[in-house]
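Just below is one structure, and these are the notes that go with it.
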Amino acid sequence: MRRVGPPVVKLLDDDVESIKYSLASHLLYSVGKEPISATARDWFMAAAYAVRDRVSEHWMPTLNRYYAEDRKRVYYMSMEFLIGRTLSNSMINLGIYDTVKQAVTDMGVDFDEVLGWEVEAALGNGGLGRLAACLLDSMATLGVPGFGYGIRYDYGMFTQHVEHGWQVESPENWLRYGNPWEFARPGIIYPVRFGGRVVHYKDVLGHTRAQWMDTEEVMAMAYDVPIPGYGGKTVNNLRLWTAKSTREFDLKYFNAGNYIEAVRDKAESETLSKVLYPSDLTDRGKELRFKQEYFFVAASIQDILSRFRKAHSDWDKLPDKVAVQLNDTHPAMVVAELMRVLVDEYQIDWHRAWALTRATCAYTNHTLLPEALETWPVDLFQRVLPRHLEIIFQLNHEFLQEVRHRHPGDNDLLRRVSVIAEEGDRRVRMGHLAVIGSHKVNGVAAIHTGLMKSTIFSDFDHLNPGKINNKTNGVTPRRWLLLSNPGLAALISGKIGKDWVIHLDQLKKLEPLAADAEFRTQFSAVKHANKVRLAEVISQRLGVDINPASLFDVQIKRIHEYKRQLLNVLHVISRYSRIRANPLVDVVPRVVIIGGKAAPGYLLAKLIIKLINDVADVVNNDPLVGDKLKVVFVPNYNVSTAELVMPAADLSEQISTAGTEASGTGNMKMSMNGALTIGTWDGANVEICEEVGEENMFLFGLTAQEVARLRIDGYSPRAAIAANQDLKRAIDLIASGYFSPDEPERFGAIVDILTNSDHYLLTADFAGYMTAQERVDELYRDQPEWNRKAILNVARMGKFSSDRTVSEYARDIWGVPV
Ligand code: 26V
């Protein structure tokens with residue numbers, strides 16, 4: 001029974017005394033401890049429950065309101081939600097950060113230690129998953145009825161340790177102590193089918209119908225995570241699915257003579273939601289991954305349609321009430337699944353079902369790298385999802401028919417746009433499926449969308465002009481400024497008020513203050529304090545002492561060749577050589593900070609980590625160098641580390657080969673926190689430059705067009721290396737074993753790539769990068785000027801709030817009011 005009328009619970013008060021009462025109650029009733037015996041982690045749980053209560057109060061009312069108002073719902077379908085820690089973020093969004101802090105402190109407990117006990121939800125690899133989390137925050141803040149759907153992985157992103165300079169992965173059992181932010185919904189459980197075969201038959205009306213039968217079944221059970229917006233009034237829902245065995249397994253297990261076998265089968269059927277693939281871009285073609293994708297698609301579609309059907313009987317209303325956003329192609333099976341359910345289960349006419357599907361779905365692309373574009377072998381499809389394969393063949397057939405009709409005789413076009421790649425083993429191109437099944441397709445930064453239109457999806461753009469559009473990424477200013485940089489947030493609010501938290505354009509009002517010497521001093525003091533805070537952590541955790549007066553040069557992101565951490569290392573080595581050659585020269589002291597995980601199977605990326613650590617060892621222990629240069633590899637880069645490092649950056653490294661980084665979002669976070677960017681004409685750097693002004697950044701290197709041209713003409717790195725003394729010396733030092741005397745050949749693969757192929761054109765951009773770095777040093781010597789530019793960066797970052805991003809999706813794609 002749906003309850004109507006006034007709330008059935010009395011709203012909790014938010015004053016310090018009430019929160020203390022909540023803390024004490026939860027410590028006793030929920031955790032089962034008393035203050036005398038409670039550990040910091042017990043207090044964390046008590047605090048989480050006290051805050052969760054206050055989140056929950058607005059949660060059901062929000063959902064009831066959407067229902068009563070019959071609002072169109074937006075479903076954000078994503079294999080990844082890289083949420084990070086929740087306690088402090090919820091306190092911020094509810095406006096109770098200071099009171100909870102006071103309450104905890106009053107009870108004699110160290111607040112920061114309590115926060116430190118939270119294990120972050122790392123259900124994502126990097127940019128794509130973190131974007132999903134920022135968009136959820138913004139949807140809730142803007143009052144958009146936005147629901148996330150994903151997988152509740154038992155094991156999220158692995159923990160990275162560094163042993164003797166090498167990355168070592170260990171699984172993170174993040175649910176070990178229980179997750180206070182989730183609500184199990186054992187009643188919300190759907191079957192998901194795999195395998196079997198399809199039979200066709202004629203129904204009583206003579207229509208041909210398909211029946212998918214003899215399948216295996218797994219159940220998908222829901223866990224709900226409330227997502228409070230800033231201000232706390234709207235609390236949306238993130239629903240994550242976990243795999244459960246079916247009753248049959250239980251019965252088998254009950255009756256079994258073969259008890260052990262039966263239990264093993266049962267456990268096996270629950271592997272689907274065990275682990276997040278940590279392969280960001282590289283790993284492909286794994287059957288378990290394929291099944292994970294369908295698992296969460298099938299469960300979500302059942303849930304979405306059952307909710308729709310509670311309020312509506314007219315299927316034509318589906319696109320007016322439901323928007324499904326596909327976060328990359330990972331959920332692209334939605335297209336085939338929605339068709340299957342509408343046609344096979346609800347007997348809706350094929351063409352009507354197709355119109356409804358396309359009007360409901362929209363697809364976001366996050367990468368152009370060929371190795372990351374998902375395709376699945378037709379064989380695998382046939383075995384695991386035979387009915388979906390049939391549907392895809394039929395959709396493709398009709399699509400190609402239409403293309404043939406419009407472009408008679410152009411067989412090459414047909415081959416290019418087909419959903420089935422016919423060369424080699426036949427494969428389903430998930431990107432093409434997502435494009436034909438969507439009414440809108442978007443890229444995540446202007447340059448990226450432009451390249452989508454001119455490269456991977458150019459045929460589709462010609463066939464359907466206007467369908468591909470841009471939605472430049474953004475980040476939530478709640479987590480990435482207000483929470484992570486309280487010093488800067490307070491400084492800003494003291495000058496322009498607090499409205500910037502939900503209207504980030506307001507930061508513009510800081511512009512005149514860039515010329516104000518006193519403000520610059522205050523701004524620089526905040527940055528210094530953030531650097532001291534980071535230096536303390538680095539000293540404690542890594543035993544490396546760094547001087548907070550140095551320039552903090554930061555590159556934090558997944559380790560990948562295209563992101564060019566190696567270019568950074570080449571600069572470091574050159575700088576080191578110059579210092580050694582001339583130890584008395586007056587250089588600007590620098591700390592080069594690099595952090596990021598390598599996919600476990602990406603050996604070259606792991607070798608790059610080893611090189612960074614080997615170089616760090618040599619540089620940091622060279623008495624000739626001292627504070628002039630330090631290199632720090634921050635292990636286990638994750639959301640919590642990002643919150644610590646972003647506010648402490650002076651220089652933000654965004655140096656991908658132009659045309660390869662779809663957008664980047666770390667670039668936005670650092671600039672928003674007052675770092676200057678050294679970067680290429682790539683991703684959102686281009687738009688950051690439009691906003692903050694080229695004179696306030698250090699842009700260098702080939703443009704995407706020049707990169708494309710160079711690759712067509714055939715690039716050979718040897719000439720560039722021969723022409724640049726610094727570059728030659730740096731590569732020679734690596735090749736000579738200078739950084740790996742115990743194993744001189746260790747970095748042979750790196751040297752080989754740099755000198756022989758250099759696909760990502762590091763050697764072509766090296767000289768420009770060095771010059772840009774010299775300009776960095778020069779400006780850093782002029783602190784007032786540096787700070788002026790840093791303030792202008794902050795002041796002009798309004799565009800990069802994910803609130804703006806969500807508003808654009810809402811207006812142009814979802815058709816919901818904001
Ligand atoms: C692909 C695969 C393939 C196999 C298994 C796991 C897996 C996981 C992720 C991916 C694709 C990742 C694409 C991605 O993360 N793109 C990033 O998206 C960010 C948000 O739009 C953007 O800022 C980054 O530039 C872009 O690299």
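Ordering of the structure tokens sets the chain letters (A, B, ...), residue numbers begin anew at 1 in every chain, and ligands are numbered from 1 in the order given.
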
Report as JSON lines: every residue of segment 352-384 of chain A with an atom at most 12 Å from segment 393-405 of chain A, its closest pair of atoms, and their distance in Å to one decimal, counting only C-alpha atoms, with rows sorted by chain and ascending residue number.
```
{"residue": "A:Ala353", "atom": "CA", "partner": "A:Leu395", "partner_atom": "CA", "distance": 11.3}
{"residue": "A:Trp354", "atom": "CA", "partner": "A:Leu395", "partner_atom": "CA", "distance": 8.6}
{"residue": "A:Ala355", "atom": "CA", "partner": "A:Leu395", "partner_atom": "CA", "distance": 11.7}
{"residue": "A:Thr357", "atom": "CA", "partner": "A:Leu395", "partner_atom": "CA", "distance": 11.7}
{"residue": "A:Arg358", "atom": "CA", "partner": "A:Leu395", "partner_atom": "CA", "distance": 11.7}
{"residue": "A:Val378", "atom": "CA", "partner": "A:Phe393", "partner_atom": "CA", "distance": 10.2}
{"residue": "A:Phe381", "atom": "CA", "partner": "A:Phe393", "partner_atom": "CA", "distance": 11.3}
{"residue": "A:Gln382", "atom": "CA", "partner": "A:Phe393", "partner_atom": "CA", "distance": 11.3}
```

May I have all residues of segment 187-257 of chain A that DSSP, computed from the backbone, assigns to strand (DSSP E or B), given as a compact mmCIF listing (two decimals) with all heavy atoms, in the first residue's frame?
```
# COMPACT_ATOMS: atom_id res chain seq x y z
N GLY A 187 13.19 -8.12 -2.00
CA GLY A 187 11.93 -8.28 -2.74
C GLY A 187 12.01 -7.83 -4.18
O GLY A 187 11.14 -8.14 -4.99
N ILE A 188 13.04 -7.05 -4.50
CA ILE A 188 13.18 -6.58 -5.89
C ILE A 188 14.21 -7.45 -6.56
O ILE A 188 15.42 -7.27 -6.39
CB ILE A 188 13.56 -5.08 -5.92
CG1 ILE A 188 12.50 -4.29 -5.18
CG2 ILE A 188 13.70 -4.60 -7.37
CD1 ILE A 188 12.77 -2.81 -5.10
N ILE A 189 13.71 -8.45 -7.26
CA ILE A 189 14.60 -9.47 -7.79
C ILE A 189 14.01 -9.96 -9.11
O ILE A 189 12.81 -10.19 -9.21
CB ILE A 189 14.79 -10.59 -6.74
CG1 ILE A 189 15.80 -11.63 -7.20
CG2 ILE A 189 13.50 -11.24 -6.31
CD1 ILE A 189 16.42 -12.41 -6.03
N TYR A 190 14.84 -10.01 -10.14
CA TYR A 190 14.36 -10.40 -11.47
C TYR A 190 15.22 -11.52 -12.03
O TYR A 190 16.43 -11.55 -11.80
CB TYR A 190 14.48 -9.20 -12.43
CG TYR A 190 13.67 -8.00 -12.06
CD1 TYR A 190 14.27 -6.91 -11.42
CD2 TYR A 190 12.30 -7.94 -12.36
CE1 TYR A 190 13.53 -5.78 -11.09
CE2 TYR A 190 11.55 -6.81 -12.02
CZ TYR A 190 12.17 -5.74 -11.39
OH TYR A 190 11.43 -4.64 -11.06
N PRO A 191 14.60 -12.38 -12.83
CA PRO A 191 15.39 -13.40 -13.51
C PRO A 191 16.11 -12.81 -14.72
O PRO A 191 15.57 -11.94 -15.40
CB PRO A 191 14.33 -14.41 -13.97
CG PRO A 191 13.07 -13.61 -14.12
CD PRO A 191 13.15 -12.51 -13.10
N VAL A 192 17.31 -13.27 -14.95
CA VAL A 192 18.05 -12.91 -16.16
C VAL A 192 18.46 -14.22 -16.83
O VAL A 192 19.01 -15.10 -16.18
CB VAL A 192 19.31 -12.08 -15.82
CG1 VAL A 192 20.12 -11.79 -17.08
CG2 VAL A 192 18.91 -10.78 -15.13
N ARG A 193 18.18 -14.33 -18.12
CA ARG A 193 18.37 -15.61 -18.79
C ARG A 193 19.56 -15.57 -19.75
O ARG A 193 19.86 -14.54 -20.34
CB ARG A 193 17.10 -15.98 -19.56
CG ARG A 193 15.89 -16.06 -18.61
CD ARG A 193 14.69 -16.67 -19.28
NE ARG A 193 14.16 -15.82 -20.33
CZ ARG A 193 13.48 -16.29 -21.39
NH1 ARG A 193 13.30 -17.58 -21.55
NH2 ARG A 193 13.01 -15.44 -22.28
N PHE A 194 20.17 -16.72 -19.89
CA PHE A 194 21.31 -16.86 -20.81
C PHE A 194 21.17 -18.16 -21.58
O PHE A 194 20.58 -19.13 -21.09
CB PHE A 194 22.63 -16.91 -20.03
CG PHE A 194 22.97 -15.65 -19.30
CD1 PHE A 194 22.70 -15.51 -17.95
CD2 PHE A 194 23.56 -14.58 -19.98
CE1 PHE A 194 23.02 -14.34 -17.26
CE2 PHE A 194 23.88 -13.41 -19.30
CZ PHE A 194 23.60 -13.30 -17.95
N ARG A 197 17.89 -21.64 -26.77
CA ARG A 197 17.68 -21.58 -28.22
C ARG A 197 16.40 -20.85 -28.50
O ARG A 197 15.59 -20.60 -27.59
CB ARG A 197 17.62 -23.00 -28.78
CG ARG A 197 16.46 -23.78 -28.21
CD ARG A 197 16.63 -25.29 -28.39
NE ARG A 197 15.56 -25.96 -27.66
CZ ARG A 197 14.40 -26.35 -28.22
NH1 ARG A 197 14.18 -26.18 -29.51
NH2 ARG A 197 13.47 -26.93 -27.49
N VAL A 198 16.17 -20.52 -29.77
CA VAL A 198 14.99 -19.76 -30.16
C VAL A 198 14.13 -20.62 -31.07
O VAL A 198 14.65 -21.23 -32.00
CB VAL A 198 15.41 -18.47 -30.91
CG1 VAL A 198 14.18 -17.62 -31.24
CG2 VAL A 198 16.42 -17.67 -30.08
N VAL A 199 12.86 -20.69 -30.76
CA VAL A 199 11.95 -21.35 -31.72
C VAL A 199 10.95 -20.32 -32.24
O VAL A 199 10.53 -19.41 -31.51
CB VAL A 199 11.19 -22.54 -31.10
CG1 VAL A 199 12.13 -23.69 -30.79
CG2 VAL A 199 10.42 -22.12 -29.87
N HIS A 200 10.61 -20.48 -33.50
CA HIS A 200 9.65 -19.57 -34.12
C HIS A 200 8.36 -20.32 -34.35
O HIS A 200 8.38 -21.49 -34.71
CB HIS A 200 10.23 -19.04 -35.44
CG HIS A 200 11.45 -18.20 -35.23
ND1 HIS A 200 11.39 -16.85 -35.04
CD2 HIS A 200 12.76 -18.54 -35.12
CE1 HIS A 200 12.62 -16.38 -34.84
NE2 HIS A 200 13.47 -17.39 -34.88
N TYR A 201 7.25 -19.65 -34.13
CA TYR A 201 5.95 -20.29 -34.32
C TYR A 201 4.95 -19.24 -34.75
O TYR A 201 5.22 -18.03 -34.66
CB TYR A 201 5.50 -20.97 -33.01
CG TYR A 201 5.26 -19.98 -31.88
CD1 TYR A 201 3.98 -19.51 -31.60
CD2 TYR A 201 6.32 -19.49 -31.12
CE1 TYR A 201 3.76 -18.59 -30.58
CE2 TYR A 201 6.11 -18.57 -30.11
CZ TYR A 201 4.83 -18.12 -29.84
OH TYR A 201 4.61 -17.20 -28.85
N LYS A 202 3.82 -19.69 -35.21
CA LYS A 202 2.76 -18.75 -35.60
C LYS A 202 1.72 -18.70 -34.48
O LYS A 202 1.29 -19.74 -33.97
CB LYS A 202 2.10 -19.23 -36.89
CG LYS A 202 2.95 -19.00 -38.14
CD LYS A 202 2.14 -18.26 -39.20
CE LYS A 202 2.80 -18.17 -40.56
NZ LYS A 202 4.13 -17.67 -40.64
N THR A 208 4.16 -14.38 -36.88
CA THR A 208 5.32 -15.18 -36.49
C THR A 208 5.87 -14.64 -35.17
O THR A 208 6.05 -13.43 -35.02
CB THR A 208 6.41 -15.12 -37.57
OG1 THR A 208 5.85 -15.59 -38.79
CG2 THR A 208 7.61 -15.96 -37.19
N ARG A 209 6.08 -15.54 -34.25
CA ARG A 209 6.60 -15.12 -32.95
C ARG A 209 7.84 -15.94 -32.61
O ARG A 209 8.05 -17.03 -33.13
CB ARG A 209 5.54 -15.32 -31.86
CG ARG A 209 4.25 -14.61 -32.12
CD ARG A 209 3.85 -13.74 -30.93
NE ARG A 209 2.95 -12.68 -31.34
CZ ARG A 209 3.34 -11.41 -31.55
NH1 ARG A 209 4.59 -11.05 -31.36
NH2 ARG A 209 2.47 -10.50 -31.93
N ALA A 210 8.63 -15.37 -31.71
CA ALA A 210 9.85 -16.07 -31.30
C ALA A 210 9.73 -16.44 -29.83
O ALA A 210 9.20 -15.67 -29.03
CB ALA A 210 11.05 -15.16 -31.50
N GLN A 211 10.22 -17.62 -29.51
CA GLN A 211 10.28 -17.99 -28.10
C GLN A 211 11.70 -18.42 -27.76
O GLN A 211 12.27 -19.29 -28.42
CB GLN A 211 9.30 -19.11 -27.80
CG GLN A 211 9.08 -19.22 -26.31
CD GLN A 211 8.10 -20.34 -25.94
OE1 GLN A 211 7.47 -20.94 -26.83
NE2 GLN A 211 7.98 -20.60 -24.66
N TRP A 212 12.21 -17.76 -26.76
CA TRP A 212 13.57 -18.05 -26.29
C TRP A 212 13.43 -19.06 -25.16
O TRP A 212 12.81 -18.75 -24.14
CB TRP A 212 14.21 -16.73 -25.84
CG TRP A 212 15.63 -16.83 -25.38
CD1 TRP A 212 16.54 -17.81 -25.66
CD2 TRP A 212 16.31 -15.87 -24.56
NE1 TRP A 212 17.76 -17.52 -25.08
CE2 TRP A 212 17.65 -16.33 -24.40
CE3 TRP A 212 15.95 -14.65 -23.96
CZ2 TRP A 212 18.60 -15.63 -23.65
CZ3 TRP A 212 16.89 -13.95 -23.22
CH2 TRP A 212 18.21 -14.44 -23.07
N MET A 213 13.97 -20.25 -25.32
CA MET A 213 13.71 -21.30 -24.32
C MET A 213 14.95 -22.11 -23.95
O MET A 213 16.01 -21.92 -24.53
CB MET A 213 12.61 -22.23 -24.83
CG MET A 213 12.90 -22.84 -26.18
SD MET A 213 11.42 -23.49 -26.93
CE MET A 213 11.04 -24.77 -25.75
N GLU A 216 19.37 -20.81 -19.13
CA GLU A 216 19.81 -20.85 -17.73
C GLU A 216 19.42 -19.52 -17.09
O GLU A 216 19.40 -18.50 -17.77
CB GLU A 216 21.33 -20.94 -17.65
CG GLU A 216 21.89 -22.30 -17.96
CD GLU A 216 23.39 -22.24 -18.12
OE1 GLU A 216 24.04 -21.31 -17.58
OE2 GLU A 216 23.90 -23.13 -18.80
N GLU A 217 19.17 -19.57 -15.80
CA GLU A 217 18.70 -18.35 -15.15
C GLU A 217 19.58 -17.92 -13.99
O GLU A 217 20.06 -18.77 -13.23
CB GLU A 217 17.29 -18.58 -14.60
CG GLU A 217 16.25 -17.84 -15.39
CD GLU A 217 14.85 -18.12 -14.85
OE1 GLU A 217 14.66 -18.10 -13.61
OE2 GLU A 217 13.97 -18.35 -15.69
N VAL A 218 19.76 -16.64 -13.88
CA VAL A 218 20.40 -16.05 -12.70
C VAL A 218 19.45 -14.98 -12.22
O VAL A 218 18.74 -14.37 -13.02
CB VAL A 218 21.76 -15.41 -13.08
CG1 VAL A 218 22.39 -14.72 -11.89
CG2 VAL A 218 22.70 -16.44 -13.66
N MET A 219 19.40 -14.75 -10.92
CA MET A 219 18.54 -13.69 -10.42
C MET A 219 19.37 -12.43 -10.17
O MET A 219 20.53 -12.50 -9.77
CB MET A 219 17.88 -14.11 -9.10
CG MET A 219 17.08 -15.41 -9.16
SD MET A 219 15.77 -15.41 -10.40
CE MET A 219 14.59 -14.29 -9.65
N ALA A 220 18.75 -11.29 -10.43
CA ALA A 220 19.38 -10.01 -10.13
C ALA A 220 18.61 -9.38 -8.98
O ALA A 220 17.42 -9.12 -9.09
CB ALA A 220 19.35 -9.09 -11.34
N MET A 221 19.31 -9.17 -7.87
CA MET A 221 18.66 -8.57 -6.71
C MET A 221 19.15 -7.13 -6.53
O MET A 221 20.34 -6.85 -6.71
CB MET A 221 18.98 -9.39 -5.46
CG MET A 221 18.27 -8.88 -4.22
SD MET A 221 18.86 -9.75 -2.75
CE MET A 221 19.30 -8.35 -1.73
N ALA A 222 18.23 -6.26 -6.15
CA ALA A 222 18.54 -4.84 -6.07
C ALA A 222 19.13 -4.44 -4.71
O ALA A 222 18.74 -4.96 -3.67
CB ALA A 222 17.28 -4.02 -6.33
N TYR A 223 20.08 -3.53 -4.78
CA TYR A 223 20.52 -2.76 -3.61
C TYR A 223 20.35 -1.29 -3.98
O TYR A 223 20.74 -0.89 -5.07
CB TYR A 223 21.99 -3.02 -3.30
CG TYR A 223 22.25 -4.28 -2.52
CD1 TYR A 223 22.24 -5.52 -3.15
CD2 TYR A 223 22.50 -4.24 -1.15
CE1 TYR A 223 22.48 -6.69 -2.44
CE2 TYR A 223 22.74 -5.40 -0.43
CZ TYR A 223 22.73 -6.62 -1.08
OH TYR A 223 22.97 -7.77 -0.37
N ASP A 224 19.79 -0.51 -3.08
CA ASP A 224 19.56 0.90 -3.37
C ASP A 224 20.49 1.79 -2.56
O ASP A 224 20.71 1.55 -1.36
CB ASP A 224 18.11 1.29 -3.07
CG ASP A 224 17.16 0.74 -4.13
OD1 ASP A 224 17.63 0.38 -5.23
OD2 ASP A 224 15.95 0.67 -3.84
N VAL A 225 21.02 2.80 -3.22
CA VAL A 225 21.89 3.76 -2.57
C VAL A 225 21.28 5.15 -2.77
O VAL A 225 21.08 5.58 -3.91
CB VAL A 225 23.30 3.74 -3.21
CG1 VAL A 225 24.23 4.73 -2.51
CG2 VAL A 225 23.89 2.34 -3.19
N PRO A 226 20.93 5.83 -1.68
CA PRO A 226 20.35 7.17 -1.84
C PRO A 226 21.41 8.18 -2.28
O PRO A 226 22.54 8.13 -1.81
CB PRO A 226 19.82 7.51 -0.45
CG PRO A 226 20.58 6.64 0.50
CD PRO A 226 21.01 5.41 -0.26
N ILE A 227 21.02 9.07 -3.19
CA ILE A 227 21.94 10.09 -3.70
C ILE A 227 21.36 11.47 -3.39
O ILE A 227 20.48 11.97 -4.10
CB ILE A 227 22.11 9.97 -5.24
CG1 ILE A 227 22.51 8.54 -5.65
CG2 ILE A 227 23.09 11.02 -5.77
CD1 ILE A 227 23.94 8.15 -5.30
N PRO A 228 21.84 12.10 -2.32
CA PRO A 228 21.28 13.40 -1.95
C PRO A 228 21.88 14.53 -2.79
O PRO A 228 23.09 14.58 -3.01
CB PRO A 228 21.70 13.55 -0.49
CG PRO A 228 22.98 12.76 -0.37
CD PRO A 228 22.88 11.64 -1.38
N VAL A 235 16.48 13.62 -3.04
CA VAL A 235 17.35 12.45 -2.86
C VAL A 235 16.95 11.41 -3.89
O VAL A 235 15.85 10.87 -3.84
CB VAL A 235 17.24 11.88 -1.43
CG1 VAL A 235 18.15 10.66 -1.27
CG2 VAL A 235 17.60 12.94 -0.39
N ASN A 236 17.81 11.21 -4.87
CA ASN A 236 17.54 10.25 -5.94
C ASN A 236 18.04 8.87 -5.57
O ASN A 236 18.58 8.67 -4.47
CB ASN A 236 18.17 10.74 -7.25
CG ASN A 236 17.36 11.87 -7.89
OD1 ASN A 236 16.18 12.05 -7.60
ND2 ASN A 236 18.01 12.61 -8.75
N ASN A 237 17.90 7.95 -6.49
CA ASN A 237 18.24 6.56 -6.18
C ASN A 237 19.24 5.99 -7.19
O ASN A 237 19.12 6.20 -8.38
CB ASN A 237 16.96 5.71 -6.22
CG ASN A 237 17.15 4.38 -5.55
OD1 ASN A 237 17.91 4.27 -4.59
ND2 ASN A 237 16.49 3.35 -6.05
N LEU A 238 20.22 5.30 -6.64
CA LEU A 238 21.13 4.51 -7.47
C LEU A 238 20.84 3.05 -7.16
O LEU A 238 20.93 2.63 -6.00
CB LEU A 238 22.59 4.85 -7.13
CG LEU A 238 23.67 3.90 -7.68
CD1 LEU A 238 23.66 3.86 -9.20
CD2 LEU A 238 25.06 4.33 -7.17
N ARG A 239 20.45 2.30 -8.17
CA ARG A 239 20.11 0.89 -7.94
C ARG A 239 21.20 0.01 -8.54
O ARG A 239 21.48 0.09 -9.73
CB ARG A 239 18.73 0.58 -8.55
CG ARG A 239 18.31 -0.86 -8.38
CD ARG A 239 16.80 -1.02 -8.49
NE ARG A 239 16.11 -0.55 -7.28
CZ ARG A 239 14.79 -0.53 -7.12
NH1 ARG A 239 14.01 -0.95 -8.11
NH2 ARG A 239 14.25 -0.10 -5.99
N LEU A 240 21.81 -0.78 -7.68
CA LEU A 240 22.89 -1.67 -8.11
C LEU A 240 22.44 -3.11 -7.97
O LEU A 240 21.82 -3.48 -6.97
CB LEU A 240 24.15 -1.41 -7.26
CG LEU A 240 24.69 0.02 -7.31
CD1 LEU A 240 25.87 0.19 -6.33
CD2 LEU A 240 25.15 0.41 -8.71
N TRP A 241 22.75 -3.91 -8.98
CA TRP A 241 22.29 -5.30 -9.01
C TRP A 241 23.37 -6.25 -8.54
O TRP A 241 24.55 -6.09 -8.88
CB TRP A 241 21.89 -5.69 -10.44
CG TRP A 241 20.82 -4.83 -11.01
CD1 TRP A 241 20.96 -3.86 -11.96
CD2 TRP A 241 19.42 -4.84 -10.67
NE1 TRP A 241 19.75 -3.28 -12.25
CE2 TRP A 241 18.78 -3.86 -11.46
CE3 TRP A 241 18.65 -5.60 -9.77
CZ2 TRP A 241 17.41 -3.62 -11.39
CZ3 TRP A 241 17.28 -5.34 -9.70
CH2 TRP A 241 16.67 -4.37 -10.51
N THR A 242 22.92 -7.25 -7.77
CA THR A 242 23.84 -8.31 -7.38
C THR A 242 23.28 -9.63 -7.90
O THR A 242 22.07 -9.80 -7.98
CB THR A 242 24.04 -8.33 -5.84
OG1 THR A 242 25.11 -9.18 -5.53
CG2 THR A 242 22.79 -8.81 -5.12
N ALA A 243 24.16 -10.55 -8.27
CA ALA A 243 23.70 -11.82 -8.84
C ALA A 243 23.41 -12.82 -7.73
O ALA A 243 24.19 -12.97 -6.79
CB ALA A 243 24.76 -12.38 -9.79
N LYS A 244 22.27 -13.48 -7.85
CA LYS A 244 21.88 -14.51 -6.88
C LYS A 244 21.46 -15.76 -7.66
O LYS A 244 20.86 -15.64 -8.72
CB LYS A 244 20.66 -14.03 -6.07
CG LYS A 244 20.97 -12.89 -5.13
CD LYS A 244 21.43 -13.45 -3.82
CE LYS A 244 21.75 -12.36 -2.83
NZ LYS A 244 22.64 -12.86 -1.78
```

Dump the neighbourhood of ligand 1 as a PyMOL selection string: all residues within 9 Å, distances computed on only C-alpha atoms and all ligand atoms.
chain A and resi 79-80+124-132+276-286+289+327-330+364-369+371-374+443-445+448+472-474+660-667+683-684

- Residues of segment 454-639 of chain A in alpha helix (DSSP H), written as a ChimeraX atom specification: /A:454,458-463,477,486-496,517-542,565-581,603-620,639

Write out as a tab-separated table a residue-level contact list of segment 321-433 of chain A versus segment 143-166 of chain A with cut-off 12 Å: for each qualifying residue the closest pair of atoms and the distance in Å to one decimal, counting only C-alpha atoms, rows sorted by chain and residue number upward.
```
residue	atom	partner	partner_atom	distance
A:Lys321	CA	A:Pro145	CA	10.7
A:Val322	CA	A:Pro145	CA	10.2
A:Ala323	CA	A:Gly146	CA	9.3
A:Val324	CA	A:Phe147	CA	9.7
A:Gln325	CA	A:Gly148	CA	9.6
A:Leu326	CA	A:Tyr149	CA	10.3
A:Asn327	CA	A:Tyr149	CA	10.4
A:His330	CA	A:Gly150	CA	10.7
A:Pro331	CA	A:Gly150	CA	9.5
```

If you count only C-alpha atoms, the residue of A:Trp181, A:Gln540, A:Met107, A:Tyr75 closest to Ile301 of chain A turns out to be A:Tyr75

Using only C-alpha atoms, the residue out of A:Ile83, A:Leu676, A:Ala48, A:Ile750 with shortest distance to Arg479 of chain A is A:Ile83

Against segment 91-98 of chain A, which residues of segment 410-481 of chain A fall within 12 Å? For each one I want the closest pair of atoms and the distance in Å (one decimal), counting only C-alpha atoms, rows by chain and increasing residue number, as a Markdown table.
```
| residue | atom | partner | partner_atom | distance |
| --- | --- | --- | --- | --- |
| A:Thr476 | CA | A:Asn93 | CA | 11.3 |
| A:Pro477 | CA | A:Asn93 | CA | 11.0 |
| A:Arg478 | CA | A:Asn93 | CA | 7.4 |
| A:Arg479 | CA | A:Ile92 | CA | 8.3 |
| A:Trp480 | CA | A:Ile92 | CA | 11.5 |
| A:Leu481 | CA | A:Ile92 | CA | 11.1 |
```

Cut-off 10 Å: closest segment 697-753 of chain A/segment 602-622 of chain A atom pairs per residue, using only C-alpha atoms, as JSON lines:
```
{"residue": "A:Ile734", "atom": "CA", "partner": "A:Leu611", "partner_atom": "CA", "distance": 8.7}
{"residue": "A:Tyr738", "atom": "CA", "partner": "A:Val618", "partner_atom": "CA", "distance": 8.7}
{"residue": "A:Phe739", "atom": "CA", "partner": "A:Asp614", "partner_atom": "CA", "distance": 5.6}
{"residue": "A:Ser740", "atom": "CA", "partner": "A:Asp614", "partner_atom": "CA", "distance": 6.7}
{"residue": "A:Pro741", "atom": "CA", "partner": "A:Asp614", "partner_atom": "CA", "distance": 9.9}
{"residue": "A:Arg746", "atom": "CA", "partner": "A:Leu607", "partner_atom": "CA", "distance": 8.5}
{"residue": "A:Phe747", "atom": "CA", "partner": "A:Leu607", "partner_atom": "CA", "distance": 7.3}
{"residue": "A:Ala749", "atom": "CA", "partner": "A:Leu604", "partner_atom": "CA", "distance": 7.8}
{"residue": "A:Ile750", "atom": "CA", "partner": "A:Leu604", "partner_atom": "CA", "distance": 7.6}
```
